[in-house]
Structures are given as structure tokens and as C-alpha cells.
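Asker: One structure is given below, represented as C-alpha cells, and several questions about it will come after.
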Number of protein chains: 2
Amino acid sequence: MKTSARKTRQREAIREAFEASERPLTIEELVEAAGGVGVATAYRAVAALLEEEWLEPVEIPGEPARYERSGKKHHHHFSCERCARVFDVSGCSENVRKLAPPRFRVKAHAVTLYGLCSACAR
Amino acid sequence: MKTSARKTRQREAIREAFEASERPLTIEELVEAAGGVGVATAYRAVAALLEEEWLEPVEIPGEPARYERSGKKHHHHFSCERCARVFDVSGCSENVRKLAPPRFRVKAHAVTLYGLCSACAR
DNA sequence: CGCTTATTGATATTAGCGTATCATTTGCAA
DNA sequence: TTGCAAATGATACGCTAATATCAATAAGCG
């Protein structure tokens, strides 16, 4: 027999938290947003959602990993140095791939902007 | 009295390692390249060189910090997923700053390419 | 309902990276 | 050459993020 996944209050809350958020969340932010699930549960649920590609990781140097719904239109991220939140920025000058030296094979790229978000800028 | 910096074999080796390298180095790579200085010494020397802005950090998510000579022409980086080395890539589509939403204030940006370097691509 | 077993969650543990400690070595000025 | 503060380096320690443990809880099938 195959082990089947059960539907729990915590997993529902976690999915809803991601669907309600327009920006990537850290585990800590997720625990907060999902209304007090345990961190272990949060890590496990995220691992499963990554596995089934319902989530994608968003990595910023020096910060804990964030996660967001996969399947979004190609985009990049903005990291606010003041409130420490990360935002999606739409679009991408797609010719960044062409920067690579000859014979280098580019499989992915990331563009990260740093500065102040609209709320922190004033 | 002011404390004066002394000229040592290790510090010379570390500066030379950075000048001889055309790519950013981790502490581990530096220790190797400088011919067996202690890691504590490497960390201290790098901290001092960052302080005087002779070096700049190069951060890639999920990897230890790398460092390279500062004052180079604006450029970005390529991370080889096979040999784990990081290379400079020249140029930049400078309009990446314009991706930010209105009212966001962009102070810096980073572009990182991922894939296989020329040596690993074949 | 009752039972089996997945799931939860507090917490212990691990892992990676960097810093602090401190006895020993070494630059360098008198 | 000598003396002393700066520097080195082996290693202990600290921090943060993430995983493993395991007793208690609860999903959901029959």
C-alpha cells in the first residue's frame, strides 16, 4: 500500500499563506503568516511543496531561504535593506544571458535589486 | 601611539594570490592559493583588505563568501554548478535598475548567471 | 466508533561559516 | 642583538539555518 498524504489544518494554513502572499516568505514569516504552526511542520510542508513543484526557492545571499508559488511569469527580486522583506519585480532584460563568455553554458540567471521599498523609501 | 601594520610573508602571499587570480576566491581557495596560511590569518587579512577597500565581497546564495580586487569595471558573476568556481562576466544591461516598481529606490543590483563554465561544458 | 498510522511540535542535534582565544613566532626599531 | 608588540595558527567557541528525534495528537478508513 502507498502512504497517502493527510489533509491537516496546518498544511491548509501554509498553502493559504503562500497564496495570500504576493511576496516570497521565509520559514519564519511563514510560521507567522500561517498562525502558529511549528517550525518543524513548516520546514516539512515546504519541503513537500518544493518536491511537487508547487513552490520555488528564492535565495538572497546572507539571508534565510524564501519560497513562493511556482509557475509565475519570469521575474526577479528586490530586497529591502530596511524592512528586510523581499518583493517580486516583474520583467527582465532577457539579454543578461548574453553576458556570459564564449563556451559558457548559461542554464539560469538571477537578478537581485537592493535598496529601499516604497514603504521604507520616504 | 598608533599601531603599525607589519609586512609578513603571509600577507604578501595573500595579496599576490588575489592579484594573480582573475576570479573571486573563497577563504578556502585563498588558503590554498596563498600556499598554506592559517585560516584565521586568511580571515583577518581579508577583513583588513575589505576595510581598506582593496577587496570587495562577492556573495552567491548558499555558498561561502568570495572576495576580489575592488575597483574593477562594473561586472557580474557566473557560478559553475560543476566545478563550483565563480567567474567574472563583463558588462551589464544597466537598465535592470528600471525593473523596480515605482517609488522603490534601487541602490545596488547583482546579476548572477548559473550553468557550466567553458572547461566543464564539454 | 475505534484503530492504525501519518502528522505535529518541542527540542536536541547537526552543519557550515566565521570569530575569539592564547601560546608561540616574528617583524622591526632602538 | 635585544625586546616587545604585532602577527600567526591550531583550535575552541558562537551563531544561524535546517534536520532528526520521539512522545503526543489526530486524520480518515472500515
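The chains in the C-alpha cells are called A, B, ... from first to last as shown; in each chain the residues are counted from 1, and the ligands are counted from 1 in the order shown.
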Give me, as JSON lines, the closest atom pair and its distance (Å, one decimal) for every residue of chain C within a cut-off of 12 Å of chain B, counting only C-alpha atoms (C1' of nucleotides), rows sorted by chain and rising number.
Answerer:
```
{"residue": "C:DG16", "atom": "C1'", "partner": "B:Pro64", "partner_atom": "CA", "distance": 8.6}
{"residue": "C:DC17", "atom": "C1'", "partner": "B:Pro64", "partner_atom": "CA", "distance": 7.1}
{"residue": "C:DG18", "atom": "C1'", "partner": "B:Tyr43", "partner_atom": "CA", "distance": 8.3}
{"residue": "C:DT19", "atom": "C1'", "partner": "B:Ala40", "partner_atom": "CA", "distance": 8.7}
{"residue": "C:DA20", "atom": "C1'", "partner": "B:Ala40", "partner_atom": "CA", "distance": 10.2}
{"residue": "C:DT21", "atom": "C1'", "partner": "B:Ala40", "partner_atom": "CA", "distance": 11.5}
{"residue": "C:DT25", "atom": "C1'", "partner": "B:Thr8", "partner_atom": "CA", "distance": 11.7}
{"residue": "C:DT26", "atom": "C1'", "partner": "B:Thr8", "partner_atom": "CA", "distance": 8.6}
{"residue": "C:DG27", "atom": "C1'", "partner": "B:Arg6", "partner_atom": "CA", "distance": 6.4}
{"residue": "C:DC28", "atom": "C1'", "partner": "B:Arg6", "partner_atom": "CA", "distance": 8.5}
```
Asker: Please produce an output containing N, CA and C atoms (P, O5', C5', C4', C3', O3' and C1' of nucleotides) for each residue in the selection, written as a PDB file, in the first residue's frame.
Answerer:
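Result saved to part_1.pdb:
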```pdb
ATOM      1  P    DG C  16      28.592  20.645   6.292  1.00  0.00           P
ATOM      2  O5'  DG C  16      28.604  22.222   6.176  1.00  0.00           O
ATOM      3  C5'  DG C  16      27.471  22.882   5.633  1.00  0.00           C
ATOM      4  C4'  DG C  16      27.649  24.367   5.819  1.00  0.00           C
ATOM      5  C3'  DG C  16      29.051  24.860   5.450  1.00  0.00           C
ATOM      6  O3'  DG C  16      28.895  26.053   4.693  1.00  0.00           O
ATOM      7  C1'  DG C  16      28.539  25.469   7.675  1.00  0.00           C
ATOM      8  P    DC C  17      30.190  26.635   3.917  1.00  0.00           P
ATOM      9  O5'  DC C  17      30.501  27.899   4.837  1.00  0.00           O
ATOM     10  C5'  DC C  17      29.411  28.718   5.210  1.00  0.00           C
ATOM     11  C4'  DC C  17      29.823  29.693   6.263  1.00  0.00           C
ATOM     12  C3'  DC C  17      31.213  30.306   6.110  1.00  0.00           C
ATOM     13  O3'  DC C  17      31.061  31.713   6.122  1.00  0.00           O
ATOM     14  C1'  DC C  17      30.866  29.571   8.332  1.00  0.00           C
ATOM     15  P    DG C  18      32.206  32.693   5.584  1.00  0.00           P
ATOM     16  O5'  DG C  18      32.665  33.378   6.943  1.00  0.00           O
ATOM     17  C5'  DG C  18      31.680  34.062   7.704  1.00  0.00           C
ATOM     18  C4'  DG C  18      32.075  34.067   9.160  1.00  0.00           C
ATOM     19  C3'  DG C  18      33.409  34.749   9.470  1.00  0.00           C
ATOM     20  O3'  DG C  18      33.125  35.995  10.086  1.00  0.00           O
ATOM     21  C1'  DG C  18      33.049  32.779  10.776  1.00  0.00           C
ATOM     22  P    DT C  19      34.314  36.912  10.641  1.00  0.00           P
ATOM     23  O5'  DT C  19      34.416  36.508  12.187  1.00  0.00           O
ATOM     24  C5'  DT C  19      33.269  36.651  13.011  1.00  0.00           C
ATOM     25  C4'  DT C  19      33.618  36.335  14.457  1.00  0.00           C
ATOM     26  C3'  DT C  19      34.799  37.132  15.011  1.00  0.00           C
ATOM     27  O3'  DT C  19      34.438  37.540  16.325  1.00  0.00           O
ATOM     28  C1'  DT C  19      35.211  34.828  15.275  1.00  0.00           C
ATOM     29  P    DA C  20      35.473  38.342  17.252  1.00  0.00           P
ATOM     30  O5'  DA C  20      35.979  37.211  18.254  1.00  0.00           O
ATOM     31  C5'  DA C  20      35.031  36.499  19.039  1.00  0.00           C
ATOM     32  C4'  DA C  20      35.727  35.743  20.168  1.00  0.00           C
ATOM     33  C3'  DA C  20      36.838  36.510  20.871  1.00  0.00           C
ATOM     34  O3'  DA C  20      36.770  36.173  22.259  1.00  0.00           O
ATOM     35  C1'  DA C  20      37.757  34.589  19.774  1.00  0.00           C
ATOM     36  P    DT C  21      37.926  36.624  23.279  1.00  0.00           P
ATOM     37  O5'  DT C  21      38.915  35.379  23.273  1.00  0.00           O
ATOM     38  C5'  DT C  21      38.384  34.087  23.478  1.00  0.00           C
ATOM     39  C4'  DT C  21      39.510  33.065  23.695  1.00  0.00           C
ATOM     40  C3'  DT C  21      40.727  33.599  24.461  1.00  0.00           C
ATOM     41  O3'  DT C  21      41.147  32.578  25.358  1.00  0.00           O
ATOM     42  C1'  DT C  21      41.428  32.695  22.400  1.00  0.00           C
ATOM     43  P    DT C  25      57.655  28.660  18.893  1.00  0.00           P
ATOM     44  O5'  DT C  25      57.467  29.842  17.827  1.00  0.00           O
ATOM     45  C5'  DT C  25      56.566  29.637  16.742  1.00  0.00           C
ATOM     46  C4'  DT C  25      56.487  30.908  15.911  1.00  0.00           C
ATOM     47  C3'  DT C  25      57.828  31.429  15.391  1.00  0.00           C
ATOM     48  O3'  DT C  25      57.665  31.672  14.005  1.00  0.00           O
ATOM     49  C1'  DT C  25      56.617  33.165  16.425  1.00  0.00           C
ATOM     50  P    DT C  26      58.895  32.042  13.085  1.00  0.00           P
ATOM     51  O5'  DT C  26      58.747  33.627  12.937  1.00  0.00           O
ATOM     52  C5'  DT C  26      57.516  34.144  12.453  1.00  0.00           C
ATOM     53  C4'  DT C  26      57.581  35.663  12.483  1.00  0.00           C
ATOM     54  C3'  DT C  26      58.911  36.237  12.011  1.00  0.00           C
ATOM     55  O3'  DT C  26      58.613  37.360  11.220  1.00  0.00           O
ATOM     56  C1'  DT C  26      58.358  37.142  14.078  1.00  0.00           C
ATOM     57  P    DG C  27      59.582  37.821  10.045  1.00  0.00           P
ATOM     58  O5'  DG C  27      59.255  39.376   9.997  1.00  0.00           O
ATOM     59  C5'  DG C  27      57.895  39.776   9.862  1.00  0.00           C
ATOM     60  C4'  DG C  27      57.693  41.155  10.478  1.00  0.00           C
ATOM     61  C3'  DG C  27      58.663  42.222   9.992  1.00  0.00           C
ATOM     62  O3'  DG C  27      57.933  43.431   9.890  1.00  0.00           O
ATOM     63  C1'  DG C  27      58.886  41.976  12.325  1.00  0.00           C
ATOM     64  P    DC C  28      58.505  44.628   8.993  1.00  0.00           P
ATOM     65  O5'  DC C  28      59.306  45.478  10.075  1.00  0.00           O
ATOM     66  C5'  DC C  28      58.596  46.018  11.184  1.00  0.00           C
ATOM     67  C4'  DC C  28      59.562  46.573  12.216  1.00  0.00           C
ATOM     68  C3'  DC C  28      60.835  47.224  11.635  1.00  0.00           C
ATOM     69  O3'  DC C  28      61.117  48.379  12.387  1.00  0.00           O
ATOM     70  C1'  DC C  28      61.430  45.735  13.285  1.00  0.00           C
TER      71       DC C  28
END
```
Asker: Write out as a count of residues only the residues lying within 8 Å of Ile14 of chain B, counting only C-alpha atoms (C1' of nucleotides) and excluding same-chain residues fewer than 3 positions away.
Answerer: 9
Asker: Kindly provide the residues of chain D that approach chain A to within 12 Å, each paired with its closest atom pair and their distance in Å to one decimal, based on only C-alpha atoms (C1' of nucleotides), listed by chain and increasing number, as a Markdown table.
Answerer:
```
| residue | atom | partner | partner_atom | distance |
| --- | --- | --- | --- | --- |
| D:DT16 | C1' | A:Pro64 | CA | 8.8 |
| D:DA17 | C1' | A:Pro64 | CA | 6.9 |
| D:DA18 | C1' | A:Tyr43 | CA | 8.2 |
| D:DT19 | C1' | A:Ala40 | CA | 8.8 |
| D:DA20 | C1' | A:Ala40 | CA | 10.2 |
| D:DT21 | C1' | A:Ala40 | CA | 11.5 |
| D:DT25 | C1' | A:Thr8 | CA | 11.8 |
| D:DA26 | C1' | A:Thr8 | CA | 8.9 |
| D:DA27 | C1' | A:Arg6 | CA | 6.4 |
| D:DG28 | C1' | A:Arg6 | CA | 8.3 |
| D:DC29 | C1' | A:Ser4 | CA | 11.8 |
```
Asker: Would you list which chain B residues are within 7 Å of chain A using only C-alpha atoms, as a short mmCIF file (atom, residue, chain, number, x, y, z; two decimals) with C-alpha atoms, in the first residue's frame?
Answerer:
```cif
data_model
loop_
_atom_site.label_atom_id
_atom_site.label_comp_id
_atom_site.auth_asym_id
_atom_site.auth_seq_id
_atom_site.Cartn_x
_atom_site.Cartn_y
_atom_site.Cartn_z
CA GLU B 59 28.18 36.73 -2.46
CA ILE B 60 26.40 33.82 -4.07
CA PRO B 61 23.42 32.26 -2.29
CA VAL B 89 31.41 38.34 -16.58
CA SER B 90 31.97 41.76 -18.07
CA GLY B 91 29.31 44.27 -18.82
CA SER B 93 22.47 45.60 -19.17
CA VAL B 96 17.96 46.29 -14.83
CA LEU B 99 12.67 46.90 -13.32
CA ALA B 100 11.91 48.12 -9.83
CA PRO B 101 8.35 49.20 -9.10
CA ARG B 103 8.76 54.53 -5.57
CA PHE B 104 11.27 51.79 -4.93
CA ARG B 105 14.77 53.17 -4.57
CA VAL B 106 17.44 50.97 -6.11
CA LYS B 107 20.86 51.36 -4.58
CA ALA B 108 22.62 48.33 -5.99
CA HIS B 109 22.00 45.27 -8.07
CA ALA B 110 23.52 41.90 -8.72
CA VAL B 111 23.25 39.63 -11.71
CA THR B 112 24.35 36.05 -11.32
CA LEU B 113 24.46 33.50 -14.10
CA TYR B 114 24.39 29.79 -13.39
CA GLY B 115 25.47 26.94 -15.61
CA LEU B 116 28.65 25.34 -16.83
CA CYS B 117 31.92 27.15 -17.40
CA SER B 118 33.84 26.56 -20.61
CA ALA B 121 30.71 22.48 -20.62
#
```
Asker: Could you find all residues in chain B that DSSP calls helix (DSSP H, G or I) from the backbone, and write them as a PyMOL selection string?
Answerer: chain B and resi 9-20+27-33+39-51+94-99+118-121
Asker: Output N, CA and C atoms for every residue in that selection, as a CSV table (one decimal), in the first residue's frame.
Answerer:
```csv
chain,number,residue,atom,x,y,z
B,9,ARG,N,55.2,37.5,5.5
B,9,ARG,CA,55.2,36.6,4.4
B,9,ARG,C,53.7,36.2,4.0
B,10,GLN,N,52.9,36.0,5.0
B,10,GLN,CA,51.5,35.6,4.8
B,10,GLN,C,50.7,36.6,4.1
B,11,ARG,N,50.8,37.9,4.5
B,11,ARG,CA,50.1,38.9,3.9
B,11,ARG,C,50.5,39.2,2.5
B,12,GLU,N,51.8,39.1,2.3
B,12,GLU,CA,52.2,39.2,0.9
B,12,GLU,C,51.6,38.2,0.0
B,13,ALA,N,51.7,36.9,0.5
B,13,ALA,CA,51.1,35.8,-0.3
B,13,ALA,C,49.7,36.0,-0.6
B,14,ILE,N,48.9,36.6,0.4
B,14,ILE,CA,47.5,36.8,0.2
B,14,ILE,C,47.2,37.8,-0.8
B,15,ARG,N,47.9,38.9,-0.8
B,15,ARG,CA,47.8,40.0,-1.8
B,15,ARG,C,48.1,39.4,-3.2
B,16,GLU,N,49.2,38.7,-3.2
B,16,GLU,CA,49.6,38.2,-4.5
B,16,GLU,C,48.6,37.2,-5.1
B,17,ALA,N,48.1,36.4,-4.2
B,17,ALA,CA,47.0,35.4,-4.6
B,17,ALA,C,45.9,36.2,-5.3
B,18,PHE,N,45.4,37.2,-4.7
B,18,PHE,CA,44.3,38.0,-5.3
B,18,PHE,C,44.7,38.7,-6.6
B,19,GLU,N,45.9,39.1,-6.6
B,19,GLU,CA,46.4,39.8,-7.9
B,19,GLU,C,46.6,38.8,-9.0
B,20,ALA,N,46.9,37.6,-8.6
B,20,ALA,CA,47.2,36.6,-9.7
B,20,ALA,C,45.9,36.0,-10.1
B,27,ILE,N,37.6,31.9,1.1
B,27,ILE,CA,38.7,31.8,2.1
B,27,ILE,C,39.5,30.5,1.9
B,28,GLU,N,38.7,29.4,1.6
B,28,GLU,CA,39.4,28.1,1.4
B,28,GLU,C,40.3,28.1,0.2
B,29,GLU,N,39.8,28.7,-0.9
B,29,GLU,CA,40.6,28.8,-2.1
B,29,GLU,C,41.8,29.7,-1.9
B,30,LEU,N,41.6,30.7,-1.1
B,30,LEU,CA,42.7,31.7,-0.8
B,30,LEU,C,43.8,31.0,0.0
B,31,VAL,N,43.4,30.2,1.0
B,31,VAL,CA,44.4,29.5,1.8
B,31,VAL,C,45.2,28.6,0.9
B,32,GLU,N,44.5,27.9,0.0
B,32,GLU,CA,45.2,27.1,-1.0
B,32,GLU,C,46.1,27.9,-1.9
B,33,ALA,N,45.6,29.0,-2.4
B,33,ALA,CA,46.4,29.7,-3.4
B,33,ALA,C,47.6,30.5,-2.8
B,39,VAL,N,43.8,29.5,8.4
B,39,VAL,CA,42.5,30.1,8.0
B,39,VAL,C,42.3,31.4,8.9
B,40,ALA,N,42.7,31.4,10.1
B,40,ALA,CA,42.5,32.6,10.9
B,40,ALA,C,43.2,33.8,10.3
B,41,THR,N,44.4,33.5,9.9
B,41,THR,CA,45.2,34.6,9.2
B,41,THR,C,44.5,35.1,8.0
B,42,ALA,N,44.0,34.1,7.2
B,42,ALA,CA,43.3,34.5,6.0
B,42,ALA,C,42.1,35.3,6.3
B,43,TYR,N,41.3,34.9,7.2
B,43,TYR,CA,40.1,35.7,7.6
B,43,TYR,C,40.5,37.1,8.0
B,44,ARG,N,41.5,37.2,8.9
B,44,ARG,CA,42.0,38.5,9.3
B,44,ARG,C,42.5,39.4,8.2
B,45,ALA,N,43.3,38.8,7.4
B,45,ALA,CA,43.8,39.6,6.3
B,45,ALA,C,42.7,40.1,5.4
B,46,VAL,N,41.8,39.3,5.1
B,46,VAL,CA,40.7,39.6,4.2
B,46,VAL,C,39.8,40.7,4.8
B,47,ALA,N,39.6,40.6,6.1
B,47,ALA,CA,38.8,41.7,6.8
B,47,ALA,C,39.5,43.0,6.7
B,48,ALA,N,40.9,43.0,6.9
B,48,ALA,CA,41.6,44.2,6.8
B,48,ALA,C,41.6,44.8,5.4
B,49,LEU,N,41.7,43.9,4.4
B,49,LEU,CA,41.7,44.4,3.0
B,49,LEU,C,40.3,44.9,2.6
B,50,LEU,N,39.3,44.3,3.2
B,50,LEU,CA,37.9,44.8,2.9
B,50,LEU,C,37.8,46.2,3.5
B,51,GLU,N,38.3,46.3,4.7
B,51,GLU,CA,38.3,47.6,5.5
B,51,GLU,C,38.9,48.7,4.7
B,94,GLU,N,22.4,47.7,-18.1
B,94,GLU,CA,22.3,48.7,-17.0
B,94,GLU,C,20.8,49.0,-16.7
B,95,ASN,N,19.9,48.7,-17.6
B,95,ASN,CA,18.5,49.0,-17.4
B,95,ASN,C,17.8,48.1,-16.4
B,96,VAL,N,18.6,47.2,-15.8
B,96,VAL,CA,18.0,46.3,-14.8
B,96,VAL,C,17.4,47.1,-13.7
B,97,ARG,N,18.0,48.2,-13.4
B,97,ARG,CA,17.5,49.1,-12.3
B,97,ARG,C,16.1,49.5,-12.6
B,98,LYS,N,15.7,49.6,-13.8
B,98,LYS,CA,14.4,50.1,-14.2
B,98,LYS,C,13.3,49.1,-13.9
B,99,LEU,N,13.7,47.9,-13.6
B,99,LEU,CA,12.7,46.9,-13.3
B,99,LEU,C,11.9,47.2,-12.0
B,118,SER,N,33.3,27.1,-19.4
B,118,SER,CA,33.8,26.6,-20.6
B,118,SER,C,34.5,25.2,-20.4
B,119,ALA,N,35.3,25.1,-19.3
B,119,ALA,CA,36.0,23.9,-19.0
B,119,ALA,C,35.1,22.7,-18.7
B,120,CYS,N,34.0,23.0,-18.1
B,120,CYS,CA,33.0,22.0,-17.6
B,120,CYS,C,32.0,21.7,-18.7
B,121,ALA,N,31.8,22.6,-19.7
B,121,ALA,CA,30.7,22.5,-20.6
B,121,ALA,C,30.8,21.3,-21.6
```
Asker: Which of chain B counts as strand (DSSP E or B) under DSSP, as a compact mmCIF listing (two decimals) with C-alpha atoms, in the first residue's frame please?
Answerer:
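Done, and the output landed in out.txt:
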```
# COMPACT_ATOMS: atom_id res chain seq x y z
CA LEU B 25 38.20 33.45 -4.18
CA THR B 26 36.69 31.89 -1.10
CA LEU B 55 38.87 43.89 -1.74
CA GLU B 56 35.16 43.57 -2.35
CA PRO B 57 32.87 40.72 -1.32
CA VAL B 58 31.14 38.56 -3.90
CA ARG B 66 34.22 35.18 -2.08
CA TYR B 67 36.44 38.22 -2.49
CA GLU B 68 38.06 40.00 -5.37
CA ARG B 69 40.08 43.14 -6.07
CA HIS B 75 30.64 43.48 -13.88
CA HIS B 76 28.75 40.48 -12.60
CA HIS B 77 29.37 36.81 -11.95
CA PHE B 78 28.93 33.34 -13.29
CA SER B 79 28.73 30.38 -10.95
CA CYS B 80 29.69 27.00 -12.39
CA VAL B 86 32.85 31.72 -9.81
CA PHE B 87 33.92 33.82 -12.79
CA ASP B 88 33.62 37.45 -13.66
CA VAL B 89 31.41 38.34 -16.58
CA SER B 90 31.97 41.76 -18.07
CA ARG B 105 14.77 53.17 -4.57
CA VAL B 106 17.44 50.97 -6.11
CA LYS B 107 20.86 51.36 -4.58
CA ALA B 108 22.62 48.33 -5.99
CA HIS B 109 22.00 45.27 -8.07
CA ALA B 110 23.52 41.90 -8.72
CA VAL B 111 23.25 39.63 -11.71
CA THR B 112 24.35 36.05 -11.32
CA LEU B 113 24.46 33.50 -14.10
CA TYR B 114 24.39 29.79 -13.39
CA GLY B 115 25.47 26.94 -15.61
CA LEU B 116 28.65 25.34 -16.83
```
